[in-house]
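Step one of this worksheet: look at the structure below.
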Amino acid sequence: EEERRRRRRENKIQDKLNEDSLKLADYGNSWKKDSVPSYVSYDTVSSMGSLIGRMPEHRDSTYSSMSEATDNRSLSIKSGLTEESGHSQVIQNSPPTVLTLSLQYIASEDNGTGKLVIYVKDVKDLPPRDYIGGLEPYLVVQVVRISWPLHRRAGPPLHLLRTRTLRHSFNPFFDQKFTIDVKRSDLKEWCLKLIAYDQDKYTSSTELCDATLALRDIKNLTSSKEALTLTCNLTKTNREVGDLLFGVSYLPTAQRLSVSIIKATNLKYLEIVDTIAEFNPYVRVVQLNGSTGRSVKRKKTGFKNATECPEFNETLTFDLNPNQLETTIILILICSRLVTMDSEEDVLPNKRTKDKCLGKVAIGSHVIGKRQRDHWLSVIQNPRRVISLWHTLK
């Protein structure tokens, strides 16, 4: 009789644990039932019981938070992980990005000065964003000198040309023409730097790919009376601006996602400000609907003054139903707050200043980066546990 009672109690406890586990696993999505990636280290987790619900007192509540990481139930992912072949195969298998343009030099008899006509036709097969949404591309043409005197540093571009922005296109047809006055003798010292950007409404413009074209390498540019049509491959930009450590956990019963922003290191602040004194970093977290690409909710941390390695240690929470886990994307941005002096506010009281975005990272089940996908899947498979990981900001 005692043996039957003991087995009955064990069966009840096991049924309760299985019921709790099925809250996230039983949605007909096989990827949610896969094993946790091998680089997840259970540093302080006891080997007793299930990873999802070991003990009844560990059930989440409305008042639970990311601070539960201190009760020996947090998970960490080793920062030394390199992205596996998933993301690289997507990039390698995609067709090259090709820009089509034409150049023509029209000579003039006055002072030996002519006109350089640059016609930007189109770009084919632009690389996609790291997260959901179509591109809003535009092209920038920078005219720079190939070489500078030894006693001078390389100066700014001689000319800066920009096409219009086209919405929702991976193959934009710009059909725009630019004209520049130039001496024939200066053409051999000129170089065209062609950069394709994506105008993201949640961040600043993101550089997608670029190419460099030296005018002295173009045959018959000054002698041809017709425009020379050129095609060049654009190389995908690998721009990294720092690293960010943050943890994520999901509480199924409370239906709440918590994002704990811990710290950032090696932020390349000179890309958006001139001095460290002007750099006031903070983190903005945007919850996106993966189906529509629209923002659901936005939150941000407090800002830190004049530091390239800020420590935030703040937790931001978002209401999230279990059936939204597959489509939700969490976009995390590092921004710099523009602090205006009181005298400037008195002179320009109605002027609106926009904070500058340095870099971003997105996690979700449908983002391109494998490291970012695995972080999100580990959160789903291990509710009530904080999954922490370093990410590179781009």
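If you're wondering about the labels, chains in the structure tokens are A, B, ... by order shown, residues count from 1 in each chain, ligands from 1 in order shown.
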Handout entry: Shell of 9 Å around Thr292 in chain A, only C-alpha atoms, local chain residues under 3 positions omitted, as a list in words
Key = Ile132, Gly133, Leu288, Asn289 and Ser295 of chain A
Pick out each residue of range 160-307 of chain A that DSSP on the backbone tags as strand (DSSP E); I need them as a tab-separated table (two decimals) with C-alpha atoms, in the first residue's frame.
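What follows is the written file out36.tsv:
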```tsv
chain	number	residue	atom	x	y	z
A	160	LEU	CA	29.17	63.56	-52.71
A	161	LEU	CA	26.26	62.39	-54.88
A	162	ARG	CA	23.14	60.57	-53.69
A	173	PHE	CA	16.17	50.99	-60.80
A	174	PHE	CA	17.50	54.47	-60.05
A	175	ASP	CA	17.86	55.97	-63.57
A	176	GLN	CA	19.61	59.12	-62.34
A	177	LYS	CA	22.30	61.29	-63.94
A	178	PHE	CA	24.91	63.52	-62.27
A	179	THR	CA	27.28	66.04	-63.88
A	180	ILE	CA	30.59	67.23	-62.40
A	181	ASP	CA	33.02	69.87	-63.71
A	182	VAL	CA	36.55	68.46	-63.91
A	183	LYS	CA	39.82	69.07	-65.73
A	190	TRP	CA	39.97	60.60	-59.21
A	191	CYS	CA	38.32	57.50	-57.80
A	192	LEU	CA	34.62	56.69	-57.46
A	193	LYS	CA	33.50	55.00	-54.25
A	194	LEU	CA	30.05	53.46	-54.77
A	195	ILE	CA	28.11	52.58	-51.61
A	196	ALA	CA	24.61	51.06	-51.37
A	197	TYR	CA	22.64	51.93	-48.22
A	198	ASP	CA	19.39	50.76	-46.66
A	206	THR	CA	22.85	50.86	-42.90
A	207	GLU	CA	25.70	50.27	-45.34
A	208	LEU	CA	24.97	47.16	-47.42
A	209	CYS	CA	27.81	46.85	-49.94
A	210	ASP	CA	30.36	48.94	-51.78
A	211	ALA	CA	32.87	49.06	-54.62
A	212	THR	CA	35.77	51.30	-55.70
A	213	LEU	CA	36.33	52.38	-59.30
A	214	ALA	CA	39.51	54.25	-60.35
A	228	LEU	CA	30.82	53.88	-71.58
A	229	THR	CA	28.57	51.34	-69.88
A	230	LEU	CA	30.16	49.58	-66.92
A	231	THR	CA	29.12	46.81	-64.56
A	232	CYS	CA	30.86	46.16	-61.25
A	233	ASN	CA	30.28	43.75	-58.41
A	234	LEU	CA	29.53	45.26	-55.01
A	235	THR	CA	31.14	43.61	-51.99
A	236	LYS	CA	29.04	43.06	-48.89
A	242	GLY	CA	31.34	46.84	-30.81
A	243	ASP	CA	29.96	44.04	-28.63
A	244	LEU	CA	26.89	43.87	-26.40
A	245	LEU	CA	26.12	41.42	-23.58
A	246	PHE	CA	22.46	40.86	-22.76
A	247	GLY	CA	20.28	38.12	-21.33
A	248	VAL	CA	16.77	37.03	-22.30
A	249	SER	CA	14.19	34.94	-20.46
A	250	TYR	CA	10.54	34.05	-21.07
A	251	LEU	CA	7.87	33.39	-18.42
A	256	ARG	CA	6.25	38.07	-20.37
A	257	LEU	CA	9.61	38.38	-22.13
A	258	SER	CA	12.44	40.03	-20.17
A	259	VAL	CA	15.53	41.50	-21.83
A	260	SER	CA	18.38	42.27	-19.43
A	261	ILE	CA	20.90	44.73	-20.90
A	262	ILE	CA	24.17	44.15	-19.06
A	263	LYS	CA	27.05	45.98	-20.74
A	264	ALA	CA	28.76	46.92	-24.01
A	265	THR	CA	32.44	47.06	-24.90
A	281	PRO	CA	25.20	55.67	-25.14
A	282	TYR	CA	21.95	53.97	-24.27
A	283	VAL	CA	20.12	50.87	-25.52
A	284	ARG	CA	16.77	50.90	-27.29
A	285	VAL	CA	14.83	47.61	-27.60
A	286	VAL	CA	12.11	47.31	-30.26
A	287	GLN	CA	9.59	44.47	-30.37
A	288	LEU	CA	8.72	43.79	-34.03
A	289	ASN	CA	5.90	41.80	-35.55
A	295	SER	CA	6.85	47.97	-34.26
A	296	VAL	CA	4.73	46.60	-31.39
A	297	LYS	CA	6.48	48.20	-28.44
A	298	ARG	CA	9.66	50.17	-27.74
A	299	LYS	CA	11.63	50.63	-24.54
A	300	LYS	CA	15.04	52.04	-23.68
```
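Nearest-residue note for Ala362 in chain A: choosing from A:Thr237, A:Thr97, A:Ser291, A:Thr328, the minimum distance belongs to A:Thr328, counting only C-alpha atoms.
Proximity of A:Leu393, A:Lys356, A:Thr301, A:Glu311 to Glu271 in chain A, computed with only C-alpha atoms, is greatest for A:Lys356.
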Exercise for the section: Quick one: everything within 10 Å of Pro172 in chain A, counting only C-alpha atoms, minus sequence neighbours fewer than 6 positions away in the same chain. Send it as a list in words. Expected result: Leu99, Lys121, Asp122, Val123, Lys124, Asp125, Leu126, Leu135, Glu136, Pro137, Tyr138, Leu139, Thr165 and Leu166 of chain A
Practice task
Counting only C-alpha atoms, figure out which residue out of A:Val339, A:Ile146, A:Gly155, A:Asp130 gets nearest to Asp200 in chain A.
Solution key: A:Asp130
Practice task
Counting only C-alpha atoms, figure out which residue out of A:Lys354, A:Lys360, A:Lys304, A:Lys188 gets nearest to Ile334 in chain A.
Solution key: A:Lys360
Exercise for the section: Go through A:Leu316, A:Leu215, A:Ala254, A:Leu158 and flag the residue nearest Gln104 in chain A, using only C-alpha atoms for the distances. Expected result: A:Leu215
Practice task
One decimal, Å: what's the distance from CA of Ser108 in chain A over to CA of Arg184 in chain A, could you say?
Solution key: 9.6 Å
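The environment of Gly359 in chain A within 10 Å, counting only C-alpha atoms and disregarding residues fewer than 6 places along the same chain, consists of Thr203, Ser204, Thr206, Arg239, Glu240, Val241, Gly242, Asp243, Leu267, Lys268, Tyr269, Ile332, Leu333, Ile334, Cys335, Thr392, Leu393 and Lys394 of chain A.
Among the candidates A:Pro310, A:Pro157, A:Pro128, A:Gly302, the residue lying nearest to Val140 in chain A is A:Pro157 (atoms considered: only C-alpha atoms).
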